file final23.pdb (PDB, C-alpha atoms)
ATOM      1  CA  MET A   1      92.847 102.965  85.586  1.00  0.00           C
ATOM      2  CA  GLY A   2      96.581 102.626  86.272  1.00  0.00           C
ATOM      3  CA  LYS A   3      96.829 106.353  86.835  1.00  0.00           C
ATOM      4  CA  TRP A   4      94.011 106.472  89.379  1.00  0.00           C
ATOM      5  CA  GLY A   5      93.657 102.893  90.615  1.00  0.00           C
ATOM      6  CA  ALA A   6      94.774 101.269  93.829  1.00  0.00           C
ATOM      7  CA  ASN A   7      97.913 103.396  94.163  1.00  0.00           C
ATOM      8  CA  SER A   8      96.731 106.817  92.888  1.00  0.00           C
ATOM      9  CA  GLY A   9      99.405 106.917  90.218  1.00  0.00           C
ATOM     10  CA  GLN A  10     102.210 106.312  92.708  1.00  0.00           C
ATOM     11  CA  ALA A  11     103.807 103.534  90.682  1.00  0.00           C
ATOM     12  CA  CYS A  12     106.533 103.610  88.095  1.00  0.00           C
ATOM     13  CA  ILE A  13     104.128 102.192  85.490  1.00  0.00           C
ATOM     14  CA  ALA A  14     101.695 105.131  85.681  1.00  0.00           C
ATOM     15  CA  ALA A  15     101.625 107.477  82.692  1.00  0.00           C
ATOM     16  CA  ASP A  16     102.959 110.998  83.257  1.00  0.00           C
ATOM     17  CA  TYR A  17     100.897 112.523  80.418  1.00  0.00           C
ATOM     18  CA  LEU A  18      98.720 111.726  77.393  1.00  0.00           C
ATOM     19  CA  VAL A  19      99.198 113.039  73.883  1.00  0.00           C
ATOM     20  CA  THR A  20      96.197 113.412  71.585  1.00  0.00           C
ATOM     21  CA  THR A  21      94.908 115.658  68.826  1.00  0.00           C
ATOM     22  CA  LYS A  22      93.058 118.905  69.540  1.00  0.00           C
ATOM     23  CA  ASP A  23      90.013 117.429  67.788  1.00  0.00           C
ATOM     24  CA  TYR A  24      89.936 114.279  69.918  1.00  0.00           C
ATOM     25  CA  ALA A  25      90.815 115.902  73.268  1.00  0.00           C
ATOM     26  CA  PRO A  26      87.222 116.922  74.194  1.00  0.00           C
ATOM     27  CA  LYS A  27      85.927 113.361  73.722  1.00  0.00           C
ATOM     28  CA  LEU A  28      88.884 111.914  75.606  1.00  0.00           C
ATOM     29  CA  VAL A  29      88.332 114.283  78.539  1.00  0.00           C
ATOM     30  CA  ALA A  30      84.575 113.580  78.584  1.00  0.00           C
ATOM     31  CA  ASP A  31      85.170 109.822  78.576  1.00  0.00           C
ATOM     32  CA  LEU A  32      87.790 110.055  81.334  1.00  0.00           C
ATOM     33  CA  LYS A  33      85.461 112.204  83.470  1.00  0.00           C
ATOM     34  CA  HIS A  34      82.672 109.665  82.981  1.00  0.00           C
ATOM     35  CA  VAL A  35      84.858 106.746  84.092  1.00  0.00           C
ATOM     36  CA  LEU A  36      86.218 108.707  87.064  1.00  0.00           C
ATOM     37  CA  LYS A  37      82.700 109.594  88.220  1.00  0.00           C
ATOM     38  CA  GLN A  38      81.614 105.952  87.891  1.00  0.00           C
ATOM     39  CA  THR A  39      84.661 104.746  89.807  1.00  0.00           C
ATOM     40  CA  PHE A  40      85.011 107.371  92.548  1.00  0.00           C
ATOM     41  CA  GLY A  41      81.556 108.976  92.686  1.00  0.00           C
ATOM     42  CA  ILE A  42      80.683 112.652  92.964  1.00  0.00           C
ATOM     43  CA  ASN A  43      83.081 113.273  95.879  1.00  0.00           C
ATOM     44  CA  PRO A  44      86.231 111.239  95.185  1.00  0.00           C
ATOM     45  CA  LEU A  45      87.950 112.442  98.366  1.00  0.00           C
ATOM     46  CA  LYS A  46      85.355 110.458 100.349  1.00  0.00           C
ATOM     47  CA  SER A  47      85.591 107.390  98.095  1.00  0.00           C
ATOM     48  CA  LYS A  48      86.983 104.177  99.563  1.00  0.00           C
ATOM     49  CA  GLU A  49      88.312 103.465  96.063  1.00  0.00           C
ATOM     50  CA  LEU A  50      90.747 106.402  96.203  1.00  0.00           C
ATOM     51  CA  SER A  51      94.131 105.681  97.762  1.00  0.00           C
ATOM     52  CA  GLY A  52      95.907 108.200  99.913  1.00  0.00           C
ATOM     53  CA  ILE A  53      99.212 109.786  98.996  1.00  0.00           C
ATOM     54  CA  VAL A  54     102.157 107.905 100.501  1.00  0.00           C
ATOM     55  CA  SER A  55     103.423 110.730 102.789  1.00  0.00           C
ATOM     56  CA  SER A  56     102.825 114.355 103.725  1.00  0.00           C
ATOM     57  CA  ASN A  57     106.058 115.329 101.932  1.00  0.00           C
ATOM     58  CA  HIS A  58     104.839 113.710  98.725  1.00  0.00           C
ATOM     59  CA  PHE A  59     101.399 115.296  99.172  1.00  0.00           C
ATOM     60  CA  ASP A  60     103.095 118.711  99.473  1.00  0.00           C
ATOM     61  CA  ARG A  61     105.163 118.036  96.335  1.00  0.00           C
ATOM     62  CA  LEU A  62     102.035 117.149  94.332  1.00  0.00           C
ATOM     63  CA  THR A  63     100.277 120.226  95.707  1.00  0.00           C
ATOM     64  CA  ARG A  64     103.200 122.345  94.480  1.00  0.00           C
ATOM     65  CA  LEU A  65     102.710 120.865  91.001  1.00  0.00           C
ATOM     66  CA  LEU A  66      99.004 121.733  91.108  1.00  0.00           C
ATOM     67  CA  ASP A  67      99.699 125.262  92.369  1.00  0.00           C
ATOM     68  CA  ASP A  68     102.189 126.051  89.580  1.00  0.00           C
ATOM     69  CA  ASP A  69     101.131 129.387  88.020  1.00  0.00           C
ATOM     70  CA  LYS A  70     101.805 127.961  84.560  1.00  0.00           C
ATOM     71  CA  ILE A  71      98.873 125.557  84.864  1.00  0.00           C
ATOM     72  CA  SER A  72      96.418 128.052  86.331  1.00  0.00           C
ATOM     73  CA  GLY A  73      93.108 127.381  84.590  1.00  0.00           C
ATOM     74  CA  LYS A  74      94.307 124.099  83.038  1.00  0.00           C
ATOM     75  CA  ILE A  75      92.557 121.775  85.511  1.00  0.00           C
ATOM     76  CA  VAL A  76      89.446 120.455  83.761  1.00  0.00           C
ATOM     77  CA  HIS A  77      88.535 117.835  86.362  1.00  0.00           C
ATOM     78  CA  GLY A  78      89.447 117.197  89.981  1.00  0.00           C
ATOM     79  CA  GLY A  79      92.221 119.021  91.772  1.00  0.00           C
ATOM     80  CA  GLU A  80      90.523 118.837  95.161  1.00  0.00           C
ATOM     81  CA  ARG A  81      92.775 117.977  98.092  1.00  0.00           C
ATOM     82  CA  ASP A  82      92.451 116.735 101.654  1.00  0.00           C
ATOM     83  CA  LYS A  83      95.724 117.217 103.521  1.00  0.00           C
ATOM     84  CA  THR A  84      94.435 115.584 106.701  1.00  0.00           C
ATOM     85  CA  ASN A  85      93.775 112.290 104.903  1.00  0.00           C
ATOM     86  CA  LEU A  86      96.552 112.802 102.313  1.00  0.00           C
ATOM     87  CA  LYS A  87      94.158 112.501  99.373  1.00  0.00           C
ATOM     88  CA  ILE A  88      94.139 114.270  96.023  1.00  0.00           C
ATOM     89  CA  ALA A  89      91.205 113.731  93.684  1.00  0.00           C
ATOM     90  CA  PRO A  90      91.977 112.234  90.282  1.00  0.00           C
ATOM     91  CA  THR A  91      92.939 115.301  88.269  1.00  0.00           C
ATOM     92  CA  ILE A  92      92.887 115.958  84.528  1.00  0.00           C
ATOM     93  CA  LEU A  93      94.800 118.931  83.121  1.00  0.00           C
ATOM     94  CA  LEU A  94      94.361 120.019  79.508  1.00  0.00           C
ATOM     95  CA  ASP A  95      96.794 121.824  77.220  1.00  0.00           C
ATOM     96  CA  VAL A  96      99.537 122.057  79.818  1.00  0.00           C
ATOM     97  CA  PRO A  97     102.632 124.113  78.876  1.00  0.00           C
ATOM     98  CA  GLN A  98     105.771 122.054  78.272  1.00  0.00           C
ATOM     99  CA  ASP A  99     107.713 124.160  80.778  1.00  0.00           C
ATOM    100  CA  SER A 100     105.246 123.615  83.643  1.00  0.00           C
ATOM    101  CA  LEU A 101     106.306 121.565  86.655  1.00  0.00           C
ATOM    102  CA  THR A 102     103.841 118.804  85.759  1.00  0.00           C
ATOM    103  CA  MET A 103     105.649 118.297  82.457  1.00  0.00           C
ATOM    104  CA  ILE A 104     109.202 118.704  83.787  1.00  0.00           C
ATOM    105  CA  GLU A 105     109.030 116.527  86.911  1.00  0.00           C
ATOM    106  CA  GLU A 106     107.918 112.932  87.267  1.00  0.00           C
ATOM    107  CA  ILE A 107     104.418 113.228  88.691  1.00  0.00           C
ATOM    108  CA  PHE A 108     104.083 109.976  90.640  1.00  0.00           C
ATOM    109  CA  GLY A 109     100.509 110.830  91.655  1.00  0.00           C
ATOM    110  CA  PRO A 110      96.890 111.182  90.472  1.00  0.00           C
ATOM    111  CA  LEU A 111      97.511 114.083  88.055  1.00  0.00           C
ATOM    112  CA  LEU A 112      97.170 113.514  84.310  1.00  0.00           C
ATOM    113  CA  PRO A 113      98.192 116.264  81.880  1.00  0.00           C
ATOM    114  CA  ILE A 114      96.819 115.931  78.352  1.00  0.00           C
TER     115      ILE A 114
END
call {"tool": "encode", "arguments": {"input": "final23.pdb", "output": "structure tokens"}}
result
Amino acid sequence: MGKWGANSGQACIAADYLVTTKDYAPKLVADLKHVLKQTFGINPLKSKELSGIVSSNHFDRLTRLLDDDKISGKIVHGGERDKTNLKIAPTILLDVPQDSLTMIEEIFGPLLPI
């Protein structure tokens, strides 16, 4: 849970992306969704287990990554945001283009491209 644990991926040890095969990706996504639901519940933005983003500037930067046109339709789980409380739900993106912002920049947040 290093990507979505106590620091919401805001640590240098958090993975920026996962690589898998097309055949295994559906099982991987299903398993990740299951664990996220067990950990954060149905509404992760209300979960006490979900850390906030460190600052409003960083929240805005992560929001810009999520709003990148190149990943439109690539979010398969999460993506919800609460600017007031600086929270972003654990987010899984699938089949993200290599030239998208999430693949070019260091994420440093709760977004996981696969």
call {"tool": "resolve_selection", "arguments": {"input": "final23.pdb", "expression": "the PyMOL selection byres ((chain A and resi 86) around 9)", "output": "ChimeraX atom specification"}}
result
/A:51-56,59,81-85,87-88
call {"tool": "write_last_selection", "arguments": {"input": "final23.pdb", "atoms": "C-alpha atoms", "output": "PDB file, in the frame of the given file"}}
result
ATOM      1  CA  SER A  51      94.131 105.681  97.762  1.00  0.00           C
ATOM      2  CA  GLY A  52      95.907 108.200  99.913  1.00  0.00           C
ATOM      3  CA  ILE A  53      99.212 109.786  98.996  1.00  0.00           C
ATOM      4  CA  VAL A  54     102.157 107.905 100.501  1.00  0.00           C
ATOM      5  CA  SER A  55     103.423 110.730 102.789  1.00  0.00           C
ATOM      6  CA  SER A  56     102.825 114.355 103.725  1.00  0.00           C
ATOM      7  CA  PHE A  59     101.399 115.296  99.172  1.00  0.00           C
ATOM      8  CA  ARG A  81      92.775 117.977  98.092  1.00  0.00           C
ATOM      9  CA  ASP A  82      92.451 116.735 101.654  1.00  0.00           C
ATOM     10  CA  LYS A  83      95.724 117.217 103.521  1.00  0.00           C
ATOM     11  CA  THR A  84      94.435 115.584 106.701  1.00  0.00           C
ATOM     12  CA  ASN A  85      93.775 112.290 104.903  1.00  0.00           C
ATOM     13  CA  LYS A  87      94.158 112.501  99.373  1.00  0.00           C
ATOM     14  CA  ILE A  88      94.139 114.270  96.023  1.00  0.00           C
TER      15      ILE A  88
END
call {"tool": "residues_around", "arguments": {"input": "final23.pdb", "residues": "Arg64 (chain A)", "least_positions_apart": "5", "cutoff": "10 Å", "atoms": "all atoms listed in the file", "output": "mmCIF file with C-alpha atoms, in the frame of the given file"}}
result
data_model
loop_
_atom_site.group_PDB
_atom_site.id
_atom_site.type_symbol
_atom_site.label_atom_id
_atom_site.label_comp_id
_atom_site.auth_asym_id
_atom_site.auth_seq_id
_atom_site.Cartn_x
_atom_site.Cartn_y
_atom_site.Cartn_z
ATOM 1 C CA HIS A 58 104.839 113.710 98.725
ATOM 2 C CA PHE A 59 101.399 115.296 99.172
ATOM 3 C CA ASP A 69 101.131 129.387 88.020
ATOM 4 C CA LEU A 101 106.306 121.565 86.655
ATOM 5 C CA THR A 102 103.841 118.804 85.759
#
call {"tool": "resolve_selection", "arguments": {"input": "final23.pdb", "expression": "the PyMOL selection byres ((chain A and resi 16) around 8)", "output": "ChimeraX atom specification"}}
result
/A:14-15,17-18,103,106-108,111-113
call {"tool": "atom_distance", "arguments": {"input": "final23.pdb", "atom1": "CA of Pro97 (chain A)", "atom2": "CA of Asp68 (chain A)"}}
result
10.9 Å
call {"tool": "resolve_selection", "arguments": {"input": "final23.pdb", "expression": "the PyMOL selection byres ((chain A and resi 37) around 12)", "output": "list in words"}}
result
Trp4, Ala30, Asp31, Leu32, Lys33, His34, Val35, Leu36, Gln38, Thr39, Phe40, Gly41, Ile42, Asn43, Pro44, Leu45, Ser47, Glu49, Leu50, His77, Gly78, Ala89, Pro90 and Thr91 of chain A
call {"tool": "atom_distance", "arguments": {"input": "final23.pdb", "atom1": "CA of Ile71 (chain A)", "atom2": "CA of Gly109 (chain A)"}}
result
16.3 Å
call {"tool": "axis_aligned_box", "arguments": {"input": "final23.pdb", "around": "region 53-63 of chain A", "padding_each_side": "5 Å", "output": "JSON"}}
result
{"center_x": 102.6, "center_y": 114.1, "center_z": 99.0, "size_x": 16.8, "size_y": 22.3, "size_z": 19.4}
call {"tool": "decode", "arguments": {"input": "final23.pdb", "residues": "region 22-75 of chain A", "atoms": "C-alpha atoms", "output": "PDB file, in the first residue's frame"}}
result
ATOM      1  CA  LYS A  22      -2.483  -6.983 -21.370  1.00  0.00           C
ATOM      2  CA  ASP A  23      -3.723 -10.420 -20.287  1.00  0.00           C
ATOM      3  CA  TYR A  24      -2.935  -9.880 -16.606  1.00  0.00           C
ATOM      4  CA  ALA A  25      -4.041  -6.225 -16.376  1.00  0.00           C
ATOM      5  CA  PRO A  26      -7.764  -6.953 -15.735  1.00  0.00           C
ATOM      6  CA  LYS A  27      -6.967  -9.224 -12.771  1.00  0.00           C
ATOM      7  CA  LEU A  28      -4.436  -6.750 -11.409  1.00  0.00           C
ATOM      8  CA  VAL A  29      -6.941  -3.886 -11.613  1.00  0.00           C
ATOM      9  CA  ALA A  30      -9.697  -5.995 -10.008  1.00  0.00           C
ATOM     10  CA  ASP A  31      -7.401  -7.013  -7.151  1.00  0.00           C
ATOM     11  CA  LEU A  32      -6.226  -3.433  -6.586  1.00  0.00           C
ATOM     12  CA  LYS A  33      -9.833  -2.172  -6.555  1.00  0.00           C
ATOM     13  CA  HIS A  34     -10.746  -4.855  -4.018  1.00  0.00           C
ATOM     14  CA  VAL A  35      -7.898  -3.893  -1.673  1.00  0.00           C
ATOM     15  CA  LEU A  36      -8.653  -0.177  -2.045  1.00  0.00           C
ATOM     16  CA  LYS A  37     -12.324  -0.732  -1.196  1.00  0.00           C
ATOM     17  CA  GLN A  38     -11.360  -2.813   1.852  1.00  0.00           C
ATOM     18  CA  THR A  39      -8.881  -0.183   3.014  1.00  0.00           C
ATOM     19  CA  PHE A  40     -10.711   3.074   2.258  1.00  0.00           C
ATOM     20  CA  GLY A  41     -14.357   1.997   1.974  1.00  0.00           C
ATOM     21  CA  ILE A  42     -16.926   3.061  -0.599  1.00  0.00           C
ATOM     22  CA  ASN A  43     -16.169   6.789  -0.204  1.00  0.00           C
ATOM     23  CA  PRO A  44     -12.393   7.123   0.213  1.00  0.00           C
ATOM     24  CA  LEU A  45     -12.554  10.922   0.465  1.00  0.00           C
ATOM     25  CA  LYS A  46     -14.346  10.481   3.811  1.00  0.00           C
ATOM     26  CA  SER A  47     -11.975   7.751   5.022  1.00  0.00           C
ATOM     27  CA  LYS A  48      -9.748   8.489   8.007  1.00  0.00           C
ATOM     28  CA  GLU A  49      -7.224   6.150   6.368  1.00  0.00           C
ATOM     29  CA  LEU A  50      -6.684   8.517   3.422  1.00  0.00           C
ATOM     30  CA  SER A  51      -4.051  11.205   3.912  1.00  0.00           C
ATOM     31  CA  GLY A  52      -4.477  14.681   2.545  1.00  0.00           C
ATOM     32  CA  ILE A  53      -2.244  16.181  -0.109  1.00  0.00           C
ATOM     33  CA  VAL A  54       0.604  18.199   1.405  1.00  0.00           C
ATOM     34  CA  SER A  55      -0.430  21.631   0.002  1.00  0.00           C
ATOM     35  CA  SER A  56      -2.955  23.334  -2.257  1.00  0.00           C
ATOM     36  CA  ASN A  57      -0.214  23.893  -4.863  1.00  0.00           C
ATOM     37  CA  HIS A  58       0.566  20.182  -4.929  1.00  0.00           C
ATOM     38  CA  PHE A  59      -3.155  19.351  -5.038  1.00  0.00           C
ATOM     39  CA  ASP A  60      -3.501  21.638  -8.083  1.00  0.00           C
ATOM     40  CA  ARG A  61      -0.502  19.972  -9.761  1.00  0.00           C
ATOM     41  CA  LEU A  62      -2.015  16.500  -9.262  1.00  0.00           C
ATOM     42  CA  THR A  63      -5.363  17.772 -10.534  1.00  0.00           C
ATOM     43  CA  ARG A  64      -3.604  19.022 -13.677  1.00  0.00           C
ATOM     44  CA  LEU A  65      -2.209  15.512 -14.196  1.00  0.00           C
ATOM     45  CA  LEU A  66      -5.697  14.027 -13.836  1.00  0.00           C
ATOM     46  CA  ASP A  67      -7.216  16.607 -16.195  1.00  0.00           C
ATOM     47  CA  ASP A  68      -4.685  15.939 -18.979  1.00  0.00           C
ATOM     48  CA  ASP A  69      -6.669  15.340 -22.201  1.00  0.00           C
ATOM     49  CA  LYS A  70      -4.352  12.452 -23.067  1.00  0.00           C
ATOM     50  CA  ILE A  71      -5.694  10.370 -20.181  1.00  0.00           C
ATOM     51  CA  SER A  72      -9.363  11.159 -20.747  1.00  0.00           C
ATOM     52  CA  GLY A  73     -11.210   7.879 -20.235  1.00  0.00           C
ATOM     53  CA  LYS A  74      -8.166   6.113 -18.741  1.00  0.00           C
ATOM     54  CA  ILE A  75      -9.254   6.368 -15.090  1.00  0.00           C
TER      55      ILE A  75
END
